[in-house]
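Visitor: Take a look at the following structure, please.
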Amino acid sequence: TLGAGVAQAKESITIAVPSFLTGGAAGPFGIPAMNGAKMVTDAINKGTLPAPYNTAGFGGAMASLIELDEGGGATKQVAEYRNLVEKRNVDAVVGYISSGNCQALAPIAEELRQFTIFATCGTPRIFEESPRKYVFRTMAHATADNVAAAMYVKEMFPNTKGYTGINQNYAWGQDSWRDFDLTMQNLMPDTVASDKTQFPKIFAGQYGSEISAMSLDKADLVHSSFWGGDLEAFIFQGNARGLFKKKIGVFTVGGTAAYRLGKKLPNGLVLGARGPYGILVKDRPSALNQWFINTYKDIYGIYPSGPAYQYGQAILAAKIAYDKAGSDATSEQLADALRGITFESFSTTIEMTLGNGHQAATENGYGITEYDSENGENVVKDVKFYPASCVLPPEGQNSVDWIKGGMKGAKC
């Protein structure tokens, strides 16, 4: 028998994985995210991931997932999170897409001392407003999306005279436009920002009046951080009205539409994927990336988009933490194991260098859509990536101040 006080290795752990499983964000975003989490968890349990992750389990323990719907707003998510921790005693929480939800949950996770990995949500505020001990985010925040977008515009469309935007009217859309606008003022001071930028409410779905206004606007470029069903609806409606024949469309989360829309995606759109994910990295030859693409395509019949990668890598980070700390590790020990590390993920290297080692830094890139009629699929050409040190503020600096101050210390 084991002596008193000796922790016994656990044979199984429970990981709660919230994602949008119903509503407008589910099909394009939430379900691919959950698919990525399930596929990677399954491979970890079986020990079938490529090296160096080919050991079975999370510190040897088998993980079962509790799949949760992230819909219903922040108040509901906070109540559900408390229930997961206090009543269901989950070992780890991995997921979340919405910036609003992550913003509300970060202080709750700290209060409950629960090891939590945010997979996607973009707002820079989570680690810039307050230090965290138990909360991590394994992908870069949205400042990188918008700084990289402006850099790409300067490089590829140097004659842009003016720009406008259509972004959802909440933290995500407002912050995305702000960061793009500030960077454009910095990099291309002679271009003019429209005073008629559009902020429809999230999941509005109908954009007729906004498209009319943008068609009349002098600006030759349209910036949008739309995601989920809003993104697809706007592309369809804008395309039907000839908007993208008149304007350059720059979509910071456009990658999720690339495989779903097929021939209906216009050529010549500037697409981002919130980092090195999805269609932007389809040709990266690493064993981990090719395993991810081929396995996902075999199981789900479509190539993996950004959300699948983002959730997959968050689950992978949980494995790395458990492998280092042991299957019986406390939230505190798991946090110590993940803080500040660098690891190879499916499509890129993740460096946990910001937010006191809790916030990932990665490169960010863009490409231009083109339909490949020979293979019957969308591709991106002129793909360019900008290193993390070029598009994210240095440790300890606030994003807005950094951009306003001329992005000092950026290494491009």
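Residues are referred to by chain and number: the chain letter is A, B, ... according to the order shown in the structure tokens, the number counts from 1 in that chain, and ligands are numbered separately from 1 in the order shown.
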Go through range 251-351 of chain A residue by residue and, counting only C-alpha atoms, keep those with an atom at most 12 Å from range 151-158 of chain A; for each kept residue give the shortest atom pair and its distance in Å to one decimal, ordered by chain and increasing number, as CSV.
Guide:
```
residue,atom,partner,partner_atom,distance
A:Phe251,CA,A:Val153,CA,11.6
A:Thr252,CA,A:Tyr152,CA,11.3
A:Gly268,CA,A:Met156,CA,11.7
A:Leu269,CA,A:Val153,CA,11.6
A:Val270,CA,A:Val153,CA,8.8
A:Leu271,CA,A:Tyr152,CA,10.4
A:Gly272,CA,A:Tyr152,CA,10.2
```
Visitor: Export C-alpha atoms of the chosen residues as a PDB file, in the first residue's frame?
Guide:
```pdb
ATOM      1  CA  PHE A 251     -10.937  39.430 -44.060  1.00  0.00           C
ATOM      2  CA  THR A 252      -8.941  38.760 -40.897  1.00  0.00           C
ATOM      3  CA  GLY A 268      -8.990  38.225 -55.116  1.00  0.00           C
ATOM      4  CA  LEU A 269     -10.060  38.449 -51.462  1.00  0.00           C
ATOM      5  CA  VAL A 270      -7.302  38.947 -48.894  1.00  0.00           C
ATOM      6  CA  LEU A 271      -7.726  36.119 -46.377  1.00  0.00           C
ATOM      7  CA  GLY A 272      -6.258  35.674 -42.920  1.00  0.00           C
TER       8      GLY A 272
END
```
Visitor: What parts of range 183-405 of chain A does DSSP call alpha helix (DSSP H)? I'd like the answer as a PyMOL selection string.
Guide: chain A and resi 183-187+208-216+228-240+243-246+255-261+287-300+306-325+331-338+388-391+399-404
Visitor: Can I get the residues of range 154-196 of chain A within 9 Å of range 216-223 of chain A, each with the closest pair of atoms and their distance in Å to one decimal, using only C-alpha atoms, sorted chain first then ascending number, as JSON lines?
Guide:
```
{"residue": "A:Thr160", "atom": "CA", "partner": "A:Asp220", "partner_atom": "CA", "distance": 6.5}
{"residue": "A:Lys161", "atom": "CA", "partner": "A:Asp220", "partner_atom": "CA", "distance": 6.7}
{"residue": "A:Gly162", "atom": "CA", "partner": "A:Ala219", "partner_atom": "CA", "distance": 4.2}
{"residue": "A:Tyr163", "atom": "CA", "partner": "A:Leu221", "partner_atom": "CA", "distance": 4.6}
{"residue": "A:Thr164", "atom": "CA", "partner": "A:Val222", "partner_atom": "CA", "distance": 5.0}
{"residue": "A:Gly165", "atom": "CA", "partner": "A:His223", "partner_atom": "CA", "distance": 4.4}
{"residue": "A:Ile166", "atom": "CA", "partner": "A:His223", "partner_atom": "CA", "distance": 6.4}
{"residue": "A:Asn167", "atom": "CA", "partner": "A:His223", "partner_atom": "CA", "distance": 7.9}
{"residue": "A:Trp177", "atom": "CA", "partner": "A:His223", "partner_atom": "CA", "distance": 7.6}
{"residue": "A:Phe180", "atom": "CA", "partner": "A:His223", "partner_atom": "CA", "distance": 8.1}
{"residue": "A:Val192", "atom": "CA", "partner": "A:Ala219", "partner_atom": "CA", "distance": 7.7}
{"residue": "A:Ala193", "atom": "CA", "partner": "A:Ala219", "partner_atom": "CA", "distance": 7.6}
{"residue": "A:Ser194", "atom": "CA", "partner": "A:Ala219", "partner_atom": "CA", "distance": 6.6}
{"residue": "A:Lys196", "atom": "CA", "partner": "A:Asp217", "partner_atom": "CA", "distance": 7.9}
```
Visitor: Could you write out that same residue set with all heavy atoms as a tab-separated table (two decimals), in the first residue's frame?
Guide:
```
chain	number	residue	atom	x	y	z
A	160	THR	N	-3.26	51.84	-52.40
A	160	THR	CA	-4.54	52.02	-51.70
A	160	THR	C	-4.68	53.48	-51.26
A	160	THR	O	-3.79	54.02	-50.61
A	160	THR	CB	-4.61	51.09	-50.47
A	160	THR	OG1	-4.47	49.75	-50.91
A	160	THR	CG2	-5.93	51.23	-49.73
A	161	LYS	N	-5.82	54.09	-51.64
A	161	LYS	CA	-6.01	55.52	-51.30
A	161	LYS	C	-6.85	55.69	-50.05
A	161	LYS	O	-6.71	56.65	-49.31
A	161	LYS	CB	-6.67	56.23	-52.48
A	161	LYS	CG	-5.75	56.23	-53.70
A	161	LYS	CD	-6.16	57.24	-54.75
A	161	LYS	CE	-5.13	57.33	-55.87
A	161	LYS	NZ	-4.54	56.03	-56.25
A	162	GLY	N	-7.78	54.77	-49.84
A	162	GLY	CA	-8.66	54.89	-48.67
A	162	GLY	C	-9.20	53.54	-48.25
A	162	GLY	O	-9.21	52.59	-49.04
A	163	TYR	N	-9.66	53.44	-47.02
A	163	TYR	CA	-10.18	52.16	-46.52
A	163	TYR	C	-11.38	52.40	-45.61
A	163	TYR	O	-11.49	53.44	-44.96
A	163	TYR	CB	-9.09	51.38	-45.78
A	163	TYR	CG	-8.46	52.13	-44.63
A	163	TYR	CD1	-8.89	51.94	-43.31
A	163	TYR	CD2	-7.42	53.04	-44.86
A	163	TYR	CE1	-8.31	52.63	-42.27
A	163	TYR	CE2	-6.84	53.74	-43.80
A	163	TYR	CZ	-7.29	53.53	-42.52
A	163	TYR	OH	-6.71	54.22	-41.48
A	164	THR	N	-12.27	51.44	-45.63
A	164	THR	CA	-13.42	51.46	-44.75
A	164	THR	C	-13.51	50.10	-44.07
A	164	THR	O	-12.65	49.24	-44.30
A	164	THR	CB	-14.71	51.80	-45.52
A	164	THR	OG1	-15.79	51.96	-44.58
A	164	THR	CG2	-15.10	50.73	-46.53
A	165	GLY	N	-14.52	49.89	-43.25
A	165	GLY	CA	-14.62	48.62	-42.55
A	165	GLY	C	-16.05	48.27	-42.20
A	165	GLY	O	-16.91	49.14	-42.08
A	166	ILE	N	-16.28	46.95	-42.06
A	166	ILE	CA	-17.54	46.47	-41.51
A	166	ILE	C	-17.19	45.41	-40.47
A	166	ILE	O	-16.57	44.40	-40.78
A	166	ILE	CB	-18.50	45.93	-42.61
A	166	ILE	CG1	-19.80	45.40	-41.98
A	166	ILE	CG2	-17.82	44.88	-43.49
A	166	ILE	CD1	-20.92	45.14	-42.99
A	167	ASN	N	-17.49	45.71	-39.21
A	167	ASN	CA	-17.09	44.86	-38.09
A	167	ASN	C	-18.24	44.77	-37.10
A	167	ASN	O	-19.03	45.69	-36.97
A	167	ASN	CB	-15.85	45.45	-37.41
A	167	ASN	CG	-14.60	45.33	-38.28
A	167	ASN	OD1	-13.95	44.29	-38.30
A	167	ASN	ND2	-14.27	46.39	-39.01
A	177	TRP	N	-11.10	46.67	-35.65
A	177	TRP	CA	-11.06	47.86	-36.50
A	177	TRP	C	-10.06	48.88	-35.96
A	177	TRP	O	-9.26	49.46	-36.70
A	177	TRP	CB	-12.46	48.48	-36.63
A	177	TRP	CG	-12.38	49.84	-37.29
A	177	TRP	CD1	-12.52	51.06	-36.68
A	177	TRP	CD2	-12.09	50.11	-38.67
A	177	TRP	NE1	-12.34	52.07	-37.59
A	177	TRP	CE2	-12.07	51.51	-38.82
A	177	TRP	CE3	-11.83	49.31	-39.79
A	177	TRP	CZ2	-11.82	52.14	-40.04
A	177	TRP	CZ3	-11.58	49.93	-41.01
A	177	TRP	CH2	-11.58	51.33	-41.13
A	180	PHE	N	-6.47	47.82	-36.77
A	180	PHE	CA	-6.18	47.95	-38.21
A	180	PHE	C	-6.03	49.43	-38.58
A	180	PHE	O	-5.08	49.83	-39.25
A	180	PHE	CB	-7.30	47.29	-39.03
A	180	PHE	CG	-7.09	47.40	-40.52
A	180	PHE	CD1	-6.14	46.62	-41.17
A	180	PHE	CD2	-7.84	48.29	-41.28
A	180	PHE	CE1	-5.94	46.73	-42.55
A	180	PHE	CE2	-7.65	48.40	-42.66
A	180	PHE	CZ	-6.70	47.61	-43.30
A	192	VAL	N	-6.69	57.34	-46.52
A	192	VAL	CA	-7.73	58.00	-45.74
A	192	VAL	C	-8.70	56.96	-45.18
A	192	VAL	O	-9.20	56.10	-45.92
A	192	VAL	CB	-8.51	58.98	-46.65
A	192	VAL	CG1	-9.57	59.72	-45.85
A	192	VAL	CG2	-7.55	59.96	-47.31
A	193	ALA	N	-8.95	57.04	-43.89
A	193	ALA	CA	-9.96	56.16	-43.28
A	193	ALA	C	-11.33	56.78	-43.50
A	193	ALA	O	-11.52	57.98	-43.31
A	193	ALA	CB	-9.70	56.01	-41.79
A	194	SER	N	-12.30	55.93	-43.88
A	194	SER	CA	-13.67	56.41	-44.07
A	194	SER	C	-14.28	56.82	-42.73
A	194	SER	O	-13.99	56.20	-41.70
A	194	SER	CB	-14.51	55.30	-44.68
A	194	SER	OG	-15.87	55.63	-44.62
A	196	LYS	N	-17.41	56.57	-42.41
A	196	LYS	CA	-18.69	55.84	-42.42
A	196	LYS	C	-18.47	54.34	-42.22
A	196	LYS	O	-19.11	53.52	-42.87
A	196	LYS	CB	-19.41	56.07	-43.76
A	196	LYS	CG	-19.80	57.53	-43.99
A	196	LYS	CD	-20.70	57.66	-45.21
A	196	LYS	CE	-21.02	59.09	-45.55
A	196	LYS	NZ	-19.83	59.86	-45.99
```
Visitor: For Val400 in chain A, please output as a PyMOL selection string all residues within 10 Å (counting only C-alpha atoms; exclusion window: fewer than 2 positions along the same chain).
Guide: chain A and resi 124+143+175+178-179+182-183+393+397-398+402-405+407
Visitor: Using the selection just defined, write its residues with N, CA, C and O atoms as a tab-separated table (two decimals), in the first residue's frame.
Guide:
```tsv
chain	number	residue	atom	x	y	z
A	124	PRO	N	-7.06	41.22	-26.97
A	124	PRO	CA	-5.78	41.36	-26.26
A	124	PRO	C	-5.95	41.64	-24.77
A	124	PRO	O	-5.02	41.49	-24.00
A	143	THR	N	-4.47	41.60	-32.06
A	143	THR	CA	-3.63	42.69	-32.54
A	143	THR	C	-2.78	42.21	-33.72
A	143	THR	O	-2.62	42.91	-34.72
A	175	ASP	N	-12.32	46.35	-31.43
A	175	ASP	CA	-10.87	46.27	-31.23
A	175	ASP	C	-10.15	45.96	-32.54
A	175	ASP	O	-9.07	46.49	-32.81
A	178	ARG	N	-10.10	49.09	-34.64
A	178	ARG	CA	-9.19	50.06	-34.02
A	178	ARG	C	-7.73	49.72	-34.34
A	178	ARG	O	-6.95	50.59	-34.76
A	179	ASP	N	-7.34	48.46	-34.17
A	179	ASP	CA	-5.95	48.06	-34.39
A	179	ASP	C	-5.55	48.19	-35.87
A	179	ASP	O	-4.44	48.62	-36.18
A	182	LEU	N	-5.35	52.07	-36.65
A	182	LEU	CA	-4.16	52.69	-36.06
A	182	LEU	C	-2.89	52.28	-36.83
A	182	LEU	O	-2.01	53.10	-37.06
A	183	THR	N	-2.83	50.99	-37.22
A	183	THR	CA	-1.64	50.52	-37.94
A	183	THR	C	-1.57	51.15	-39.33
A	183	THR	O	-0.48	51.53	-39.79
A	393	PRO	N	2.95	43.25	-29.69
A	393	PRO	CA	3.74	44.12	-28.83
A	393	PRO	C	4.70	43.31	-27.97
A	393	PRO	O	4.40	42.16	-27.63
A	397	GLN	N	3.87	45.32	-22.78
A	397	GLN	CA	3.31	46.52	-23.42
A	397	GLN	C	1.88	46.30	-23.85
A	397	GLN	O	1.51	45.22	-24.30
A	398	ASN	N	1.10	47.36	-23.73
A	398	ASN	CA	-0.30	47.32	-24.13
A	398	ASN	C	-0.39	47.53	-25.64
A	398	ASN	O	0.30	48.39	-26.20
A	402	TRP	N	1.26	50.50	-27.95
A	402	TRP	CA	2.37	50.07	-28.81
A	402	TRP	C	2.15	50.53	-30.26
A	402	TRP	O	3.05	51.09	-30.89
A	403	ILE	N	0.95	50.32	-30.78
A	403	ILE	CA	0.67	50.73	-32.17
A	403	ILE	C	0.72	52.25	-32.27
A	403	ILE	O	1.35	52.80	-33.17
A	404	LYS	N	0.07	52.92	-31.32
A	404	LYS	CA	0.06	54.40	-31.35
A	404	LYS	C	1.46	54.98	-31.27
A	404	LYS	O	1.76	56.02	-31.84
A	405	GLY	N	2.35	54.29	-30.54
A	405	GLY	CA	3.72	54.76	-30.37
A	405	GLY	C	4.63	54.40	-31.52
A	405	GLY	O	5.85	54.55	-31.42
A	407	MET	N	4.91	51.29	-32.95
A	407	MET	CA	5.32	49.88	-32.91
A	407	MET	C	6.83	49.74	-32.66
A	407	MET	O	7.52	49.02	-33.36
```
Visitor: Between CA of Thr197 in chain A and CA of Glu128 in chain A, measure the distance and give it in Å to one decimal.
Guide: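 One can read the CA of Thr197 in chain A to CA of Glu128 in chain A distance as 26.6 Å.
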Visitor: I'd like the neighbourhood of Ala140 in chain A as a PDB file with N, CA, C and O atoms, in the first residue's frame, where a residue qualifies if any of its atoms comes within 9 Å (using only C-alpha atoms), though same-chain residues fewer than 4 positions away should be ignored.
Guide:
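Output below, filename around.pdb:
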```pdb
ATOM      1  N   THR A 120      -9.117  30.066 -28.587  1.00  0.00           N
ATOM      2  CA  THR A 120      -9.273  30.951 -29.742  1.00  0.00           C
ATOM      3  C   THR A 120      -9.453  32.422 -29.404  1.00  0.00           C
ATOM      4  O   THR A 120      -8.747  33.262 -29.948  1.00  0.00           O
ATOM      5  N   GLY A 122     -10.052  36.255 -29.225  1.00  0.00           N
ATOM      6  CA  GLY A 122      -8.996  37.120 -29.735  1.00  0.00           C
ATOM      7  C   GLY A 122      -8.624  38.348 -28.932  1.00  0.00           C
ATOM      8  O   GLY A 122      -7.561  38.907 -29.148  1.00  0.00           O
ATOM      9  N   PRO A 124      -7.063  41.221 -26.968  1.00  0.00           N
ATOM     10  CA  PRO A 124      -5.782  41.363 -26.262  1.00  0.00           C
ATOM     11  C   PRO A 124      -5.953  41.642 -24.771  1.00  0.00           C
ATOM     12  O   PRO A 124      -5.018  41.489 -23.999  1.00  0.00           O
ATOM     13  N   ALA A 144      -2.260  40.982 -33.607  1.00  0.00           N
ATOM     14  CA  ALA A 144      -1.429  40.421 -34.681  1.00  0.00           C
ATOM     15  C   ALA A 144      -2.204  40.319 -35.994  1.00  0.00           C
ATOM     16  O   ALA A 144      -1.658  40.586 -37.074  1.00  0.00           O
ATOM     17  N   ASP A 145      -3.485  39.954 -35.921  1.00  0.00           N
ATOM     18  CA  ASP A 145      -4.301  39.801 -37.143  1.00  0.00           C
ATOM     19  C   ASP A 145      -4.337  41.113 -37.913  1.00  0.00           C
ATOM     20  O   ASP A 145      -4.225  41.142 -39.138  1.00  0.00           O
ATOM     21  N   ARG A 274      -6.286  34.167 -38.619  1.00  0.00           N
ATOM     22  CA  ARG A 274      -5.920  34.463 -37.230  1.00  0.00           C
ATOM     23  C   ARG A 274      -4.607  33.785 -36.858  1.00  0.00           C
ATOM     24  O   ARG A 274      -4.392  33.368 -35.727  1.00  0.00           O
ATOM     25  N   GLY A 275      -3.728  33.645 -37.841  1.00  0.00           N
ATOM     26  CA  GLY A 275      -2.435  33.018 -37.592  1.00  0.00           C
ATOM     27  C   GLY A 275      -2.146  31.962 -38.642  1.00  0.00           C
ATOM     28  O   GLY A 275      -2.855  31.854 -39.639  1.00  0.00           O
ATOM     29  N   ILE A 350       4.802  27.461 -31.172  1.00  0.00           N
ATOM     30  CA  ILE A 350       4.066  28.313 -30.233  1.00  0.00           C
ATOM     31  C   ILE A 350       5.038  28.724 -29.124  1.00  0.00           C
ATOM     32  O   ILE A 350       5.621  27.863 -28.459  1.00  0.00           O
ATOM     33  N   GLN A 359       0.485  33.846 -22.498  1.00  0.00           N
ATOM     34  CA  GLN A 359      -0.087  34.237 -23.792  1.00  0.00           C
ATOM     35  C   GLN A 359       0.876  33.843 -24.913  1.00  0.00           C
ATOM     36  O   GLN A 359       2.042  34.206 -24.896  1.00  0.00           O
ATOM     37  N   ALA A 360       0.342  33.101 -25.894  1.00  0.00           N
ATOM     38  CA  ALA A 360       1.171  32.646 -27.011  1.00  0.00           C
ATOM     39  C   ALA A 360       1.509  33.763 -27.973  1.00  0.00           C
ATOM     40  O   ALA A 360       0.726  34.699 -28.166  1.00  0.00           O
ATOM     41  N   ALA A 361       2.670  33.633 -28.586  1.00  0.00           N
ATOM     42  CA  ALA A 361       3.053  34.493 -29.704  1.00  0.00           C
ATOM     43  C   ALA A 361       3.340  33.585 -30.900  1.00  0.00           C
ATOM     44  O   ALA A 361       4.055  32.591 -30.758  1.00  0.00           O
ATOM     45  N   THR A 362       2.736  33.907 -32.039  1.00  0.00           N
ATOM     46  CA  THR A 362       3.032  33.163 -33.272  1.00  0.00           C
ATOM     47  C   THR A 362       3.098  34.158 -34.423  1.00  0.00           C
ATOM     48  O   THR A 362       2.643  35.293 -34.304  1.00  0.00           O
ATOM     49  N   GLU A 363       3.608  33.681 -35.529  1.00  0.00           N
ATOM     50  CA  GLU A 363       3.582  34.484 -36.753  1.00  0.00           C
ATOM     51  C   GLU A 363       2.132  34.678 -37.203  1.00  0.00           C
ATOM     52  O   GLU A 363       1.231  33.994 -36.720  1.00  0.00           O
ATOM     53  N   ASN A 364       1.915  35.586 -38.150  1.00  0.00           N
ATOM     54  CA  ASN A 364       0.571  35.795 -38.696  1.00  0.00           C
ATOM     55  C   ASN A 364       0.707  36.098 -40.178  1.00  0.00           C
ATOM     56  O   ASN A 364       1.670  36.757 -40.577  1.00  0.00           O
ATOM     57  N   ALA A 388       6.149  36.804 -35.178  1.00  0.00           N
ATOM     58  CA  ALA A 388       5.466  37.290 -33.963  1.00  0.00           C
ATOM     59  C   ALA A 388       6.082  38.595 -33.472  1.00  0.00           C
ATOM     60  O   ALA A 388       5.375  39.520 -33.057  1.00  0.00           O
ATOM     61  N   LEU A 392       3.224  41.615 -32.891  1.00  0.00           N
ATOM     62  CA  LEU A 392       2.707  41.620 -31.510  1.00  0.00           C
ATOM     63  C   LEU A 392       3.565  42.541 -30.652  1.00  0.00           C
ATOM     64  O   LEU A 392       4.780  42.614 -30.841  1.00  0.00           O
TER      65      LEU A 392
END
```
Visitor: Report, in Å with one decimal, the straight-line distance from CA of Tyr259 in chain A to CA of Ala26 in chain A.
Guide: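 Taking CA of Tyr259 in chain A as the start and CA of Ala26 in chain A as the end point, the length is 15.3 Å.
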Visitor: How many Å lie between CA of Gly255 in chain A and CA of Phe226 in chain A, rounded to one decimal?
Guide: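 Calculated distance between CA of Gly255 in chain A and CA of Phe226 in chain A is 11.0 Å.
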Visitor: Taking only C-alpha atoms into account, name the residue in A:Ala25, A:Ile97, A:Ala16, A:Ala56 that is nearest to Gln114 in chain A.
Guide: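 Answer, going by the shortest atom-to-atom distance: A:Ala16.
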Visitor: Could you check which of A:Ala314, A:Ile13, A:Val135, A:Met188 is closest to Glu111 in chain A, using only C-alpha atoms?
Guide: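 Going through A:Ala314, A:Ile13, A:Val135, A:Met188 one by one, the smallest distance to Glu111 in chain A is for A:Val135.
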Visitor: Find the residues near range 332-339 of chain A: any atom within 9 Å, counting only C-alpha atoms, skip ones fewer than 2 places away on the same chain, and give them as a PyMOL selection string.
Guide: chain A and resi 113-116+133-136+317-318+320-326+329-330+341-342+352-353+356-359
Visitor: List as number ranges by chain the protein and nucleic acid residues near range 303-309 of chain A, meaning an atom at most 7 Å away when only C-alpha atoms are counted, but skip any in the same chain fewer than 2 places from it.
Guide: A: 29, 32-36, 255-256, 259, 273, 277-279, 293, 296-297, 311-313
Visitor: Could the residues in this selection be written to a file with N, CA and C atoms, as a PDB file, in the first residue's frame?
Guide:
```
ATOM      1  N   PHE A  29     -17.519  27.529 -37.553  1.00  0.00           N
ATOM      2  CA  PHE A  29     -16.474  27.759 -36.556  1.00  0.00           C
ATOM      3  C   PHE A  29     -16.499  26.744 -35.411  1.00  0.00           C
ATOM      4  N   PRO A  32     -16.114  22.709 -36.433  1.00  0.00           N
ATOM      5  CA  PRO A  32     -14.731  22.354 -36.784  1.00  0.00           C
ATOM      6  C   PRO A  32     -13.781  22.436 -35.578  1.00  0.00           C
ATOM      7  N   ALA A  33     -14.000  23.425 -34.700  1.00  0.00           N
ATOM      8  CA  ALA A  33     -13.172  23.541 -33.490  1.00  0.00           C
ATOM      9  C   ALA A  33     -13.302  22.281 -32.632  1.00  0.00           C
ATOM     10  N   MET A  34     -14.546  21.883 -32.362  1.00  0.00           N
ATOM     11  CA  MET A  34     -14.784  20.686 -31.549  1.00  0.00           C
ATOM     12  C   MET A  34     -14.219  19.436 -32.225  1.00  0.00           C
ATOM     13  N   ASN A  35     -14.360  19.363 -33.545  1.00  0.00           N
ATOM     14  CA  ASN A  35     -13.800  18.224 -34.280  1.00  0.00           C
ATOM     15  C   ASN A  35     -12.292  18.131 -34.075  1.00  0.00           C
ATOM     16  N   GLY A  36     -11.623  19.288 -34.129  1.00  0.00           N
ATOM     17  CA  GLY A  36     -10.174  19.303 -33.922  1.00  0.00           C
ATOM     18  C   GLY A  36      -9.808  18.812 -32.529  1.00  0.00           C
ATOM     19  N   GLY A 255     -10.288  32.795 -43.486  1.00  0.00           N
ATOM     20  CA  GLY A 255      -9.852  31.424 -43.762  1.00  0.00           C
ATOM     21  C   GLY A 255     -10.920  30.372 -43.529  1.00  0.00           C
ATOM     22  N   THR A 256     -11.828  30.621 -42.569  1.00  0.00           N
ATOM     23  CA  THR A 256     -12.852  29.601 -42.265  1.00  0.00           C
ATOM     24  C   THR A 256     -13.805  29.388 -43.441  1.00  0.00           C
ATOM     25  N   TYR A 259     -12.763  26.647 -47.415  1.00  0.00           N
ATOM     26  CA  TYR A 259     -13.134  25.294 -47.820  1.00  0.00           C
ATOM     27  C   TYR A 259     -14.644  25.116 -47.894  1.00  0.00           C
ATOM     28  N   ALA A 273      -6.225  33.884 -41.289  1.00  0.00           N
ATOM     29  CA  ALA A 273      -6.807  32.767 -40.537  1.00  0.00           C
ATOM     30  C   ALA A 273      -6.507  32.910 -39.051  1.00  0.00           C
ATOM     31  N   TYR A 277      -2.777  28.976 -39.868  1.00  0.00           N
ATOM     32  CA  TYR A 277      -3.725  27.865 -39.760  1.00  0.00           C
ATOM     33  C   TYR A 277      -4.473  27.670 -41.070  1.00  0.00           C
ATOM     34  N   GLY A 278      -5.156  26.512 -41.165  1.00  0.00           N
ATOM     35  CA  GLY A 278      -6.085  26.303 -42.276  1.00  0.00           C
ATOM     36  C   GLY A 278      -5.424  26.387 -43.638  1.00  0.00           C
ATOM     37  N   ILE A 279      -6.110  27.044 -44.561  1.00  0.00           N
ATOM     38  CA  ILE A 279      -5.678  27.086 -45.952  1.00  0.00           C
ATOM     39  C   ILE A 279      -4.304  27.741 -46.114  1.00  0.00           C
ATOM     40  N   ILE A 293      -3.804  17.399 -41.238  1.00  0.00           N
ATOM     41  CA  ILE A 293      -4.628  17.610 -42.440  1.00  0.00           C
ATOM     42  C   ILE A 293      -5.231  16.289 -42.925  1.00  0.00           C
ATOM     43  N   TYR A 296      -7.784  14.672 -40.391  1.00  0.00           N
ATOM     44  CA  TYR A 296      -9.028  15.449 -40.349  1.00  0.00           C
ATOM     45  C   TYR A 296      -9.850  15.203 -41.610  1.00  0.00           C
ATOM     46  N   LYS A 297      -9.182  15.225 -42.749  1.00  0.00           N
ATOM     47  CA  LYS A 297      -9.894  15.024 -44.030  1.00  0.00           C
ATOM     48  C   LYS A 297     -10.503  13.620 -44.081  1.00  0.00           C
ATOM     49  N   TYR A 311      -8.181  24.639 -31.690  1.00  0.00           N
ATOM     50  CA  TYR A 311      -8.599  23.749 -30.594  1.00  0.00           C
ATOM     51  C   TYR A 311      -7.657  22.557 -30.475  1.00  0.00           C
ATOM     52  N   GLY A 312      -7.201  22.051 -31.613  1.00  0.00           N
ATOM     53  CA  GLY A 312      -6.250  20.929 -31.583  1.00  0.00           C
ATOM     54  C   GLY A 312      -4.988  21.288 -30.819  1.00  0.00           C
ATOM     55  N   GLN A 313      -4.477  22.498 -31.057  1.00  0.00           N
ATOM     56  CA  GLN A 313      -3.229  22.866 -30.391  1.00  0.00           C
ATOM     57  C   GLN A 313      -3.441  23.186 -28.916  1.00  0.00           C
TER      58      GLN A 313
END
```
Visitor: With only C-alpha atoms as the atoms that count, which of A:Phe20, A:Trp227, A:Phe292, A:Tyr96 lies nearest to Phe346 in chain A?
Guide: A:Phe292
Visitor: Could you go through range 227-385 of chain A and tell me which residues DSSP, when run on the backbone, assigns to strand (DSSP E), listing them as a PyMOL selection string?
Guide: chain A and resi 248-251+270-272+342-344+349-354+359-361+364-372+377-385
Visitor: Out of A:Ser286, A:Ser64, A:Asn45, A:Gln237, which residue has the shortest atom-to-atom distance to Ile211 in chain A when counting only C-alpha atoms?
Guide: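 Between A:Ser286, A:Ser64, A:Asn45, A:Gln237, the residue approaching Ile211 in chain A most closely is A:Gln237.
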